[in-house]
$ cat query-v3.cif   # mmCIF, C-alpha atoms
data_my_file
#
loop_
_atom_site.label_atom_id
_atom_site.label_comp_id
_atom_site.auth_asym_id
_atom_site.auth_seq_id
_atom_site.Cartn_x
_atom_site.Cartn_y
_atom_site.Cartn_z
CA MET W 94 102.34 86.20 126.42
CA ASN W 95 104.15 89.52 126.71
CA ALA W 96 104.53 91.89 123.77
CA ARG W 97 107.92 90.55 122.74
CA GLU W 98 106.79 86.92 122.77
CA ARG W 99 103.60 87.82 120.93
CA PHE W 100 105.47 89.84 118.28
CA LEU W 101 107.92 87.06 117.54
CA ALA W 102 105.20 84.42 117.31
CA VAL W 103 103.03 86.53 115.02
CA MET W 104 105.92 87.54 112.76
CA HIS W 105 107.02 83.93 112.41
CA PHE W 106 103.46 82.73 111.67
CA GLU W 107 103.53 80.65 114.82
CA PRO W 108 100.69 80.08 117.33
CA ALA W 109 100.00 83.04 119.60
CA ASP W 110 97.23 83.98 122.00
CA ARG W 111 96.44 86.91 119.67
CA THR W 112 98.11 89.56 117.55
CA LEU W 113 99.32 92.84 118.98
CA LYS W 114 97.16 95.85 119.78
CA TRP W 115 99.31 98.59 118.29
CA GLU W 116 98.89 101.87 116.48
CA PHE W 117 101.40 103.56 114.17
CA GLY W 118 100.97 107.07 115.56
CA TYR W 119 99.14 110.38 115.41
CA TRP W 120 99.48 113.94 114.25
CA GLY W 121 100.10 116.27 117.17
CA GLY W 122 96.95 118.09 116.07
CA ALA W 123 94.89 114.92 116.41
CA LEU W 124 95.87 114.47 120.03
CA ARG W 125 95.21 118.13 120.80
CA ARG W 126 91.72 117.73 119.32
CA TRP W 127 91.11 114.56 121.30
CA TYR W 128 92.10 116.18 124.58
CA ALA W 129 89.51 118.87 123.87
CA GLU W 130 86.93 116.17 123.06
CA GLY W 131 87.35 114.07 126.17
CA LEU W 132 90.59 112.06 126.03
CA PRO W 133 91.96 112.30 129.60
CA ARG W 134 95.26 114.16 129.58
CA ARG W 135 97.48 112.33 132.01
CA THR W 136 100.87 112.49 130.29
CA GLY W 137 100.06 114.77 127.37
CA ILE W 138 102.44 115.96 124.67
CA PRO W 139 104.91 118.84 124.87
CA ASP W 140 103.32 122.27 124.52
CA ASP W 141 105.66 123.14 121.64
CA TRP W 142 104.93 119.94 119.71
CA GLU W 143 103.72 121.21 116.34
CA TYR W 144 100.29 120.48 114.88
CA GLY W 145 101.74 118.39 112.03
CA ARG W 146 104.53 116.69 113.95
CA SER W 147 104.24 112.98 114.63
CA VAL W 148 103.49 111.46 118.00
CA GLY W 149 104.57 107.86 118.00
CA GLY W 150 102.29 104.94 118.65
CA GLU W 151 103.35 101.47 119.70
CA ALA W 152 104.39 100.38 116.19
CA LEU W 153 106.58 103.43 115.55
CA ALA W 154 109.94 102.44 117.01
CA TRP W 155 110.99 104.67 119.89
CA ALA W 156 114.37 105.05 121.54
CA PRO W 157 115.32 107.01 124.64
CA GLY W 158 117.57 110.02 124.16
CA PHE W 159 116.15 111.21 120.85
CA ASP W 160 113.98 114.27 120.17
CA SER W 161 110.69 112.47 119.77
CA THR W 162 107.55 111.90 121.75
CA ARG W 163 105.37 108.88 122.22
CA ASP W 164 101.70 108.71 123.14
CA ASP W 165 100.83 107.34 126.54
CA ASP W 166 97.26 108.56 127.04
CA VAL W 167 95.55 106.72 124.14
CA HIS W 168 97.76 103.72 124.85
CA THR W 169 96.67 103.49 128.49
CA LEU W 170 92.98 104.28 128.09
CA LEU W 171 92.43 101.83 125.22
CA GLY W 172 94.55 99.01 126.64
CA LEU W 173 97.15 98.76 123.89
CA ASP W 174 100.21 96.55 124.11
CA THR W 175 103.75 97.53 125.04
CA GLY W 176 105.33 99.15 122.00
CA LEU W 177 108.37 98.63 119.85
CA GLN W 178 111.70 100.14 120.85
CA ARG W 179 114.98 100.44 119.00
CA VAL W 180 118.61 100.43 120.04
CA PRO W 181 119.44 104.04 121.04
CA ILE W 182 122.40 104.67 118.78
CA ARG W 183 122.78 107.16 115.97
CA ASN W 184 122.44 105.07 112.80
CA LEU W 185 123.66 107.72 110.35
CA PHE W 186 125.32 111.06 111.10
CA CYS W 187 127.52 111.39 114.17
CA PRO W 188 127.99 114.13 115.00
CA VAL W 189 124.70 115.41 113.69
CA PHE W 190 124.56 118.82 112.05
CA THR W 191 124.11 121.80 114.32
CA GLU W 192 120.57 123.06 114.09
CA GLU W 193 120.57 126.74 113.14
CA ILE W 194 118.49 129.43 111.53
CA VAL W 195 120.23 130.46 108.31
CA GLU W 196 117.62 132.99 107.10
CA GLU W 197 114.81 134.99 108.71
CA HIS W 198 112.01 136.68 106.76
CA GLY W 199 109.11 138.12 108.71
CA ASP W 200 106.92 135.27 109.83
CA TRP W 201 109.02 132.53 108.25
CA MET W 202 112.59 131.27 108.37
CA VAL W 203 114.99 128.79 106.80
CA ARG W 204 116.41 126.35 109.33
CA ARG W 205 119.10 123.70 108.98
CA ASP W 206 118.09 120.56 110.84
CA GLU W 207 120.31 117.90 112.42
CA ASP W 208 120.39 115.96 109.12
CA GLY W 209 121.80 118.96 107.28
CA VAL W 210 118.56 119.65 105.39
CA LEU W 211 117.38 123.23 104.93
CA ARG W 212 113.71 123.61 105.84
CA ARG W 213 111.58 126.65 105.01
CA GLU W 214 108.96 126.88 107.75
CA PRO W 215 106.75 129.38 109.56
CA LYS W 216 108.21 130.68 112.80
CA ASP W 217 105.18 129.45 114.73
CA ARG W 218 105.54 126.00 113.06
CA SER W 219 101.83 126.05 112.30
CA SER W 220 102.25 124.16 109.02
CA LEU W 221 104.56 121.55 107.55
CA PRO W 222 107.98 122.72 106.29
CA GLN W 223 109.23 122.87 102.71
CA PHE W 224 112.60 121.23 102.10
CA VAL W 225 114.80 123.62 100.13
CA GLY W 226 118.42 122.47 100.53
CA TRP W 227 120.47 119.30 101.00
CA PRO W 228 123.81 118.31 102.51
CA VAL W 229 125.29 116.58 99.43
CA HIS W 230 125.68 118.21 96.01
CA ASN W 231 128.62 116.28 94.58
CA ARG W 232 131.15 113.55 95.28
CA ASP W 233 133.43 115.86 97.27
CA ASP W 234 130.54 116.64 99.65
CA TRP W 235 129.90 112.93 100.08
CA GLU W 236 133.52 112.08 100.78
CA ARG W 237 133.71 114.90 103.34
CA LEU W 238 130.47 113.77 104.97
CA LYS W 239 131.70 110.18 105.25
CA ALA W 240 134.97 111.25 106.82
CA GLU W 241 133.35 113.63 109.30
CA ARG W 242 130.02 111.99 110.20
CA LEU W 243 129.84 108.38 108.99
CA GLN W 244 132.48 106.56 110.98
CA PRO W 245 131.20 103.29 112.53
CA ARG W 246 132.37 103.94 116.08
CA PRO W 247 129.58 102.85 118.45
CA ALA W 248 131.13 104.41 121.54
CA GLU W 249 130.46 107.85 120.04
CA ARG W 250 126.97 106.97 118.85
CA TRP W 251 125.12 105.91 121.99
CA VAL W 252 122.63 108.60 123.05
CA VAL W 253 122.20 107.03 126.51
CA ASP W 254 124.58 105.48 128.99
CA ALA W 255 125.08 102.14 127.24
CA ALA W 256 125.83 99.80 130.15
CA PRO W 257 122.62 100.29 132.19
CA TRP W 258 120.49 100.46 129.07
CA LEU W 259 121.91 97.15 127.81
CA GLU W 260 121.30 95.50 131.17
CA GLN W 261 117.67 96.67 131.16
CA ALA W 262 117.15 95.67 127.52
CA ARG W 263 118.32 92.12 128.17
CA GLN W 264 115.37 91.75 130.57
CA ARG W 265 112.82 93.36 128.26
CA ASN W 266 109.21 92.39 127.56
CA TYR W 267 108.99 94.44 124.32
CA PRO W 268 110.38 93.79 120.83
CA LEU W 269 113.67 95.54 120.13
CA ALA W 270 114.80 96.77 116.72
CA ILE W 271 118.05 97.87 115.20
CA GLY W 272 118.07 100.49 112.47
CA GLY W 273 115.25 102.78 111.48
CA GLY W 274 115.27 105.98 109.45
CA GLN W 275 117.68 104.81 106.75
CA GLY W 276 117.48 102.95 103.46
CA PHE W 277 118.97 102.67 100.01
CA PHE W 278 116.51 105.08 98.40
CA GLY W 279 115.42 107.00 101.49
CA THR W 280 118.93 107.93 102.62
CA PRO W 281 120.20 109.09 99.21
CA ARG W 282 116.97 111.06 98.88
CA ALA W 283 117.67 112.77 102.21
CA LEU W 284 121.26 113.45 101.14
CA LEU W 285 120.59 114.82 97.66
CA GLY W 286 116.92 115.79 97.53
CA LEU W 287 114.36 113.88 95.48
CA GLU W 288 114.79 115.68 92.16
CA ASN W 289 118.58 115.53 92.29
CA LEU W 290 118.43 111.83 93.21
CA LEU W 291 116.15 110.94 90.31
CA LEU W 292 118.35 112.83 87.83
CA ALA W 293 121.48 111.17 89.20
CA TYR W 294 120.20 107.69 88.31
CA TYR W 295 120.79 108.74 84.70
CA ASP W 296 123.40 111.51 84.94
CA ASP W 297 125.80 109.95 87.45
CA PRO W 298 124.79 106.33 88.16
CA GLN W 299 128.21 105.36 89.52
CA PHE W 300 127.91 108.02 92.21
CA LEU W 301 124.68 106.48 93.49
CA LEU W 302 126.13 102.97 93.36
CA ASP W 303 129.08 104.22 95.38
CA ILE W 304 126.82 105.92 97.94
CA ASN W 305 124.82 102.73 98.53
CA ASN W 306 127.96 100.61 98.66
CA ASP W 307 129.41 102.99 101.24
CA LEU W 308 126.18 102.96 103.24
CA THR W 309 126.09 99.16 103.22
CA ASN W 310 129.69 98.98 104.43
CA PHE W 311 128.88 101.51 107.15
CA PHE W 312 125.74 99.75 108.41
CA ILE W 313 127.45 96.36 108.49
CA ALA W 314 130.54 97.71 110.25
CA LEU W 315 128.42 99.52 112.84
CA TYR W 316 125.92 96.74 113.52
CA ASP W 317 128.70 94.16 113.63
CA GLN W 318 129.91 95.91 116.79
CA VAL W 319 126.46 96.43 118.33
CA LEU W 320 124.75 93.07 117.76
CA PRO W 321 127.19 91.10 119.96
CA LEU W 322 126.09 93.35 122.85
CA ILE W 323 122.34 92.75 122.61
CA ASP W 324 120.09 90.28 120.81
CA VAL W 325 117.53 92.20 118.77
CA ASP W 326 114.20 90.97 117.44
CA LEU W 327 114.02 92.82 114.13
CA ALA W 328 115.70 95.31 111.83
CA LEU W 329 114.05 98.40 110.36
CA ILE W 330 114.69 100.04 106.99
CA TRP W 331 113.04 103.27 105.84
CA GLU W 332 112.46 104.15 102.21
CA ASP W 333 109.31 106.24 101.49
CA MET W 334 109.96 105.61 97.80
CA CYS W 335 106.42 105.43 96.44
CA TYR W 336 103.50 107.76 95.88
CA LYS W 337 99.83 107.20 95.10
CA ALA W 338 100.36 105.92 91.56
CA GLY W 339 103.34 103.69 92.25
CA PRO W 340 107.10 103.71 92.89
CA LEU W 341 109.25 106.78 92.30
CA ILE W 342 111.71 104.55 90.44
CA SER W 343 111.13 101.57 88.20
CA PRO W 344 111.66 97.96 89.25
CA ALA W 345 114.60 97.90 86.82
CA LEU W 346 116.29 100.78 88.66
CA PHE W 347 115.55 99.10 92.00
CA ARG W 348 117.21 95.92 90.75
CA THR W 349 120.35 97.81 89.74
CA PHE W 350 120.70 100.45 92.43
CA LEU W 351 119.10 98.93 95.55
CA LEU W 352 118.77 95.15 95.33
CA PRO W 353 122.47 94.20 95.67
CA TYR W 354 122.78 96.31 98.82
CA TYR W 355 119.58 94.94 100.33
CA GLN W 356 120.92 91.45 99.75
CA ARG W 357 124.24 92.21 101.41
CA LEU W 358 122.69 93.89 104.45
CA THR W 359 119.92 91.35 105.00
CA ALA W 360 122.36 88.43 104.59
CA PHE W 361 124.52 90.00 107.30
CA LEU W 362 121.48 90.46 109.56
CA HIS W 363 120.30 86.88 109.01
CA ASP W 364 123.78 85.60 109.83
CA HIS W 365 123.54 87.51 113.12
CA GLY W 366 120.21 85.99 114.06
CA VAL W 367 117.95 88.86 112.95
CA LYS W 368 115.15 87.11 111.08
CA VAL W 369 112.49 89.85 110.90
CA ILE W 370 113.38 92.72 108.55
CA LEU W 371 110.69 95.34 107.99
CA VAL W 372 110.56 98.17 105.47
CA ASP W 373 108.58 101.36 106.01
CA THR W 374 107.47 102.84 102.70
CA ASP W 375 104.42 104.95 101.95
CA GLY W 376 102.40 104.98 98.73
CA ASN W 377 101.71 102.14 96.31
CA CYS W 378 104.62 99.72 96.54
CA SER W 379 102.91 96.76 94.81
CA ALA W 380 105.37 96.65 91.90
CA LEU W 381 108.32 96.50 94.29
CA LEU W 382 107.09 93.79 96.67
CA PRO W 383 108.75 90.92 94.77
CA LEU W 384 112.05 92.83 94.76
CA PHE W 385 111.89 93.62 98.46
CA ILE W 386 111.32 89.93 99.13
CA GLU W 387 114.16 88.97 96.80
CA GLY W 388 116.31 91.42 98.75
CA GLY W 389 115.66 89.60 102.02
CA VAL W 390 112.90 91.81 103.44
CA THR W 391 110.32 89.83 105.43
CA GLY W 392 107.60 92.42 105.94
CA LEU W 393 106.39 95.93 105.19
CA TYR W 394 104.20 98.70 106.57
CA PRO W 395 101.99 100.80 106.60
CA PHE W 396 100.13 99.77 103.35
CA GLU W 397 98.29 102.99 102.51
CA VAL W 398 94.80 102.12 101.30
CA ASN W 399 94.21 105.30 99.32
CA ALA W 400 97.39 104.64 97.39
CA GLY W 401 95.85 101.38 96.22
CA MET W 402 97.33 99.00 98.79
CA ASP W 403 94.87 96.25 99.72
CA VAL W 404 96.30 94.00 102.41
CA VAL W 405 93.87 91.20 101.60
CA ALA W 406 95.14 91.11 98.00
CA VAL W 407 98.74 91.36 99.19
CA ARG W 408 98.24 88.39 101.51
CA ARG W 409 96.81 86.31 98.65
CA ALA W 410 99.81 87.16 96.46
CA PHE W 411 102.47 86.82 99.20
CA PRO W 412 101.28 84.34 101.86
CA ARG W 413 104.43 84.62 104.02
CA LEU W 414 104.95 88.37 103.87
CA GLN W 415 104.57 90.08 107.24
CA ILE W 416 101.91 92.80 106.98
CA LEU W 417 101.55 95.67 109.45
CA GLY W 418 98.94 98.42 109.09
CA GLY W 419 96.59 98.63 106.14
CA ILE W 420 93.43 100.11 107.72
CA ASP W 421 92.15 103.17 105.84
CA LYS W 422 92.59 106.28 108.00
CA LEU W 423 90.05 108.19 105.87
CA GLN W 424 87.29 105.85 106.95
CA LEU W 425 87.86 106.76 110.60
CA ALA W 426 86.59 110.26 109.86
CA ALA W 427 83.49 108.96 108.05
CA GLY W 428 81.63 107.56 111.05
CA ARG W 429 80.83 104.26 112.71
CA ALA W 430 79.21 102.54 109.75
CA ALA W 431 82.23 103.27 107.55
CA ILE W 432 84.55 102.05 110.30
CA ASP W 433 82.64 98.79 110.65
CA THR W 434 82.73 98.23 106.90
CA GLU W 435 86.46 98.94 106.71
CA LEU W 436 87.37 96.61 109.56
CA ALA W 437 85.14 93.80 108.28
CA ALA W 438 86.69 94.04 104.81
CA ARG W 439 90.27 93.60 105.97
CA VAL W 440 90.86 92.36 109.49
CA PRO W 441 89.17 88.92 109.75
CA ALA W 442 90.72 87.63 106.53
CA LEU W 443 94.22 88.40 107.75
CA LEU W 444 93.91 87.57 111.43
CA CYS W 445 93.43 83.93 110.56
CA THR W 446 96.62 83.82 108.47
CA GLY W 447 99.16 85.06 111.02
CA GLY W 448 101.97 87.44 110.21
CA TYR W 449 99.66 90.42 110.65
CA ILE W 450 99.40 93.40 113.00
CA PRO W 451 96.42 95.63 112.09
CA TYR W 452 96.55 99.38 112.57
CA VAL W 453 95.85 102.61 110.69
CA ASP W 454 97.80 103.01 107.44
CA HIS W 455 99.87 105.98 108.69
CA LEU W 456 99.55 108.72 111.30
CA VAL W 457 95.95 109.38 112.35
CA PRO W 458 95.06 112.90 111.10
CA PRO W 459 93.24 115.65 113.01
CA ASP W 460 89.99 115.28 111.04
CA VAL W 461 89.27 112.08 113.00
CA SER W 462 87.19 112.79 116.11
CA TRP W 463 88.00 111.20 119.45
CA ASP W 464 84.62 109.45 119.43
CA ASN W 465 85.33 107.89 116.04
CA PHE W 466 88.87 106.86 116.90
CA ARG W 467 87.85 105.34 120.21
CA TYR W 468 85.04 103.41 118.51
CA TYR W 469 87.41 102.15 115.79
CA ARG W 470 90.02 101.03 118.28
CA GLN W 471 87.56 99.35 120.62
CA ARG W 472 86.00 97.43 117.71
CA LEU W 473 89.45 96.40 116.49
CA ASN W 474 90.46 95.27 119.98
CA GLU W 475 87.31 93.13 120.12
CA MET W 476 88.17 91.50 116.79
CA ILE W 477 91.70 90.80 117.95
CA GLU W 478 90.50 89.26 121.21
CA ALA W 479 87.72 87.17 119.65
#
$ encode --input "query-v3.cif" --output "structure tokens"
Amino acid sequence: MNARERFLAVMHFEPADRTLKWEFGYWGGALRRWYAEGLPRRTGIPDDWEYGRSVGGEALAWAPGFDSTRDDDVHTLLGLDTGLQRVPIRNLFCPVFTEEIVEEHGDWMVRRDEDGVLRREPKDRSSLPQFVGWPVHNRDDWERLKAERLQPRPAERWVVDAAPWLEQARQRNYPLAIGGGQGFFGTPRALLGLENLLLAYYDDPQFLLDINNDLTNFFIALYDQVLPLIDVDLALIWEDMCYKAGPLISPALFRTFLLPYYQRLTAFLHDHGVKVILVDTDGNCSALLPLFIEGGVTGLYPFEVNAGMDVVAVRRAFPRLQILGGIDKLQLAAGRAAIDTELAARVPALLCTGGYIPYVDHLVPPDVSWDNFRYYRQRLNEMIEA
């Protein structure tokens, strides 16, 4: 089976030769450490790729034409499967904001990124940025943004030459996604900032309902023009709406402000043959799992262990939920015995159920040595192949 066939069989709980050998991704600093510790550098990563910036693994959807990088060296050496790709269109702003430095102060600056967010960051990009400003402050900003950057015109949104890409994608051996990077909490959060978003649920609820209604209309109008061109294997939604202790909003707020829009979008996707719909959210999302499922979501990732997510318990509670990730990244730094214990506690119980792709529960951090990561991945490959 190729990666696409394997993905579809596993996600639909159907017989497959095995599950996929995928990883979510890595900090740039982790790969730089591993090159120093013996990982052969064949492709490498760009020299200006920051220490804390993500390098995609096979499970982190990649598309040509975007400013991102994907690992090839770990992938090749450890025999991982062909990774997930997504349709290379801009799913939100088009045109994007012009990146520019708006303030300079010694060794740090404030930069506006292509999403219109102001980021305070060191000039050498040696640490993660602080987010200090947002593109939407009020309804007038939102209406202007919609008119200028949220028109569902696919011809303007392709980041590659569409015709040859479509021809190649129709012959693919990898799973292809539509969406990614947007959601009904994640996108308003990126528009308003987290604090402003949380206050708006109480201070201006109709504004947030209108934003999510507008986003739903936009996604449906855009995808309705793209999906006739190419059959896709899954849809991706991004939220990051939880932290270690639980969701950033209550289930009651989810039911009011997110659920109706999930149901509209997933119904549209199902009607267009897209049966696998995955949500990316960090933190402890246990309280929201029933609502995601009610909203038409079929699976989630990455199930962060140190936020309290136990994929074995999740599988018991939700036998048909697709589970991706869920292996504790902290145990990879603790040595071989800890790695063996972690894998034994989670992987065998889920491999026999289907609907499961095991990998680390987020980006692998730089405190994991190359020896430990290679041992972990080789042991996991053996379990998958057994």
$ closest_atom_pairs --input "query-v3.cif" --of "stretch 107-171 of chain W" --to "stretch 409-420 of chain W" --cutoff "10 Å" --atoms "only C-alpha atoms" --output "tab-separated table"
residue	atom	partner	partner_atom	distance
W:Trp115	CA	W:Gly418	CA	9.2
W:Glu116	CA	W:Gly418	CA	8.2
W:Phe117	CA	W:Gly418	CA	7.6
W:Ala152	CA	W:Leu417	CA	8.7
$ resolve_selection --input "query-v3.cif" --expression "the PyMOL selection byres ((chain W and resi 137) around 12)" --output "short mmCIF file (atom, residue, chain, number, x, y, z; two decimals) with C-alpha atoms, in the coordinates of the input"
data_model
loop_
_atom_site.label_atom_id
_atom_site.label_comp_id
_atom_site.auth_asym_id
_atom_site.auth_seq_id
_atom_site.Cartn_x
_atom_site.Cartn_y
_atom_site.Cartn_z
CA GLY W 121 100.10 116.27 117.17
CA LEU W 124 95.87 114.47 120.03
CA ARG W 125 95.21 118.13 120.80
CA ARG W 126 91.72 117.73 119.32
CA TRP W 127 91.11 114.56 121.30
CA TYR W 128 92.10 116.18 124.58
CA ALA W 129 89.51 118.87 123.87
CA LEU W 132 90.59 112.06 126.03
CA PRO W 133 91.96 112.30 129.60
CA ARG W 134 95.26 114.16 129.58
CA ARG W 135 97.48 112.33 132.01
CA THR W 136 100.87 112.49 130.29
CA ILE W 138 102.44 115.96 124.67
CA PRO W 139 104.91 118.84 124.87
CA ASP W 140 103.32 122.27 124.52
CA ASP W 141 105.66 123.14 121.64
CA TRP W 142 104.93 119.94 119.71
CA VAL W 148 103.49 111.46 118.00
CA THR W 162 107.55 111.90 121.75
CA ARG W 163 105.37 108.88 122.22
CA ASP W 164 101.70 108.71 123.14
CA ASP W 165 100.83 107.34 126.54
CA ASP W 166 97.26 108.56 127.04
CA VAL W 167 95.55 106.72 124.14
CA HIS W 168 97.76 103.72 124.85
CA THR W 169 96.67 103.49 128.49
#
$ resolve_selection --input "query-v3.cif" --expression "the PyMOL selection byres ((chain W and resi 290) around 12)" --output "ChimeraX atom specification"
/W:227,229-231,277-289,291-298,300-302,304,334,341-342,350
$ write_last_selection --input "query-v3.cif" --atoms "C-alpha atoms" --output "PDB file, in the frame of the given file"
ATOM      1  CA  TRP W 227     120.470 119.300 101.000  1.00  0.00           C
ATOM      2  CA  VAL W 229     125.290 116.580  99.430  1.00  0.00           C
ATOM      3  CA  HIS W 230     125.680 118.210  96.010  1.00  0.00           C
ATOM      4  CA  ASN W 231     128.620 116.280  94.580  1.00  0.00           C
ATOM      5  CA  PHE W 277     118.970 102.670 100.010  1.00  0.00           C
ATOM      6  CA  PHE W 278     116.510 105.080  98.400  1.00  0.00           C
ATOM      7  CA  GLY W 279     115.420 107.000 101.490  1.00  0.00           C
ATOM      8  CA  THR W 280     118.930 107.930 102.620  1.00  0.00           C
ATOM      9  CA  PRO W 281     120.200 109.090  99.210  1.00  0.00           C
ATOM     10  CA  ARG W 282     116.970 111.060  98.880  1.00  0.00           C
ATOM     11  CA  ALA W 283     117.670 112.770 102.210  1.00  0.00           C
ATOM     12  CA  LEU W 284     121.260 113.450 101.140  1.00  0.00           C
ATOM     13  CA  LEU W 285     120.590 114.820  97.660  1.00  0.00           C
ATOM     14  CA  GLY W 286     116.920 115.790  97.530  1.00  0.00           C
ATOM     15  CA  LEU W 287     114.360 113.880  95.480  1.00  0.00           C
ATOM     16  CA  GLU W 288     114.790 115.680  92.160  1.00  0.00           C
ATOM     17  CA  ASN W 289     118.580 115.530  92.290  1.00  0.00           C
ATOM     18  CA  LEU W 291     116.150 110.940  90.310  1.00  0.00           C
ATOM     19  CA  LEU W 292     118.350 112.830  87.830  1.00  0.00           C
ATOM     20  CA  ALA W 293     121.480 111.170  89.200  1.00  0.00           C
ATOM     21  CA  TYR W 294     120.200 107.690  88.310  1.00  0.00           C
ATOM     22  CA  TYR W 295     120.790 108.740  84.700  1.00  0.00           C
ATOM     23  CA  ASP W 296     123.400 111.510  84.940  1.00  0.00           C
ATOM     24  CA  ASP W 297     125.800 109.950  87.450  1.00  0.00           C
ATOM     25  CA  PRO W 298     124.790 106.330  88.160  1.00  0.00           C
ATOM     26  CA  PHE W 300     127.910 108.020  92.210  1.00  0.00           C
ATOM     27  CA  LEU W 301     124.680 106.480  93.490  1.00  0.00           C
ATOM     28  CA  LEU W 302     126.130 102.970  93.360  1.00  0.00           C
ATOM     29  CA  ILE W 304     126.820 105.920  97.940  1.00  0.00           C
ATOM     30  CA  MET W 334     109.960 105.610  97.800  1.00  0.00           C
ATOM     31  CA  LEU W 341     109.250 106.780  92.300  1.00  0.00           C
ATOM     32  CA  ILE W 342     111.710 104.550  90.440  1.00  0.00           C
ATOM     33  CA  PHE W 350     120.700 100.450  92.430  1.00  0.00           C
TER      34      PHE W 350
END
$ closest_residue --input "query-v3.cif" --among "W:Asn399, W:Thr309, W:Ser343, W:Gln261" --to "W:Gln356" --atoms "only C-alpha atoms"
W:Thr309
$ resolve_selection --input "query-v3.cif" --expression "the PyMOL selection byres ((chain W and resi 377) around 8)" --output "NGL selection string"
:W and (335-340 or 375-376 or 378-380 or 396-397 or 400-402)
$ build_atoms --input "query-v3.cif" --residues "stretch 266-277 of chain W" --atoms "N, CA and C atoms" --output "PDB file, in the frame of the given file"
ATOM      1  N   ASN W 266     110.438  93.081 127.954  1.00  0.00           N
ATOM      2  CA  ASN W 266     109.210  92.390 127.560  1.00  0.00           C
ATOM      3  C   ASN W 266     108.628  92.984 126.283  1.00  0.00           C
ATOM      4  N   TYR W 267     109.409  93.769 125.566  1.00  0.00           N
ATOM      5  CA  TYR W 267     108.990  94.440 124.320  1.00  0.00           C
ATOM      6  C   TYR W 267     109.930  94.027 123.192  1.00  0.00           C
ATOM      7  N   PRO W 268     109.475  94.069 121.945  1.00  0.00           N
ATOM      8  CA  PRO W 268     110.380  93.790 120.830  1.00  0.00           C
ATOM      9  C   PRO W 268     111.360  94.930 120.616  1.00  0.00           C
ATOM     10  N   LEU W 269     112.585  94.578 120.295  1.00  0.00           N
ATOM     11  CA  LEU W 269     113.670  95.540 120.130  1.00  0.00           C
ATOM     12  C   LEU W 269     114.189  95.478 118.708  1.00  0.00           C
ATOM     13  N   ALA W 270     114.344  96.664 118.102  1.00  0.00           N
ATOM     14  CA  ALA W 270     114.800  96.770 116.720  1.00  0.00           C
ATOM     15  C   ALA W 270     116.172  97.407 116.649  1.00  0.00           C
ATOM     16  N   ILE W 271     116.858  97.124 115.568  1.00  0.00           N
ATOM     17  CA  ILE W 271     118.050  97.870 115.200  1.00  0.00           C
ATOM     18  C   ILE W 271     117.755  98.558 113.871  1.00  0.00           C
ATOM     19  N   GLY W 272     118.320  99.740 113.695  1.00  0.00           N
ATOM     20  CA  GLY W 272     118.070 100.490 112.470  1.00  0.00           C
ATOM     21  C   GLY W 272     116.884 101.422 112.626  1.00  0.00           C
ATOM     22  N   GLY W 273     116.365 101.855 111.490  1.00  0.00           N
ATOM     23  CA  GLY W 273     115.250 102.780 111.480  1.00  0.00           C
ATOM     24  C   GLY W 273     115.673 104.140 110.987  1.00  0.00           C
ATOM     25  N   GLY W 274     114.970 104.650 109.963  1.00  0.00           N
ATOM     26  CA  GLY W 274     115.270 105.980 109.450  1.00  0.00           C
ATOM     27  C   GLY W 274     116.236 106.007 108.291  1.00  0.00           C
ATOM     28  N   GLN W 275     116.731 104.850 107.864  1.00  0.00           N
ATOM     29  CA  GLN W 275     117.680 104.810 106.750  1.00  0.00           C
ATOM     30  C   GLN W 275     117.285 103.727 105.750  1.00  0.00           C
ATOM     31  N   GLY W 276     117.709 103.929 104.501  1.00  0.00           N
ATOM     32  CA  GLY W 276     117.480 102.950 103.460  1.00  0.00           C
ATOM     33  C   GLY W 276     118.344 103.244 102.260  1.00  0.00           C
ATOM     34  N   PHE W 277     118.124 102.533 101.189  1.00  0.00           N
ATOM     35  CA  PHE W 277     118.970 102.670 100.010  1.00  0.00           C
ATOM     36  C   PHE W 277     118.334 103.530  98.920  1.00  0.00           C
TER      37      PHE W 277
END
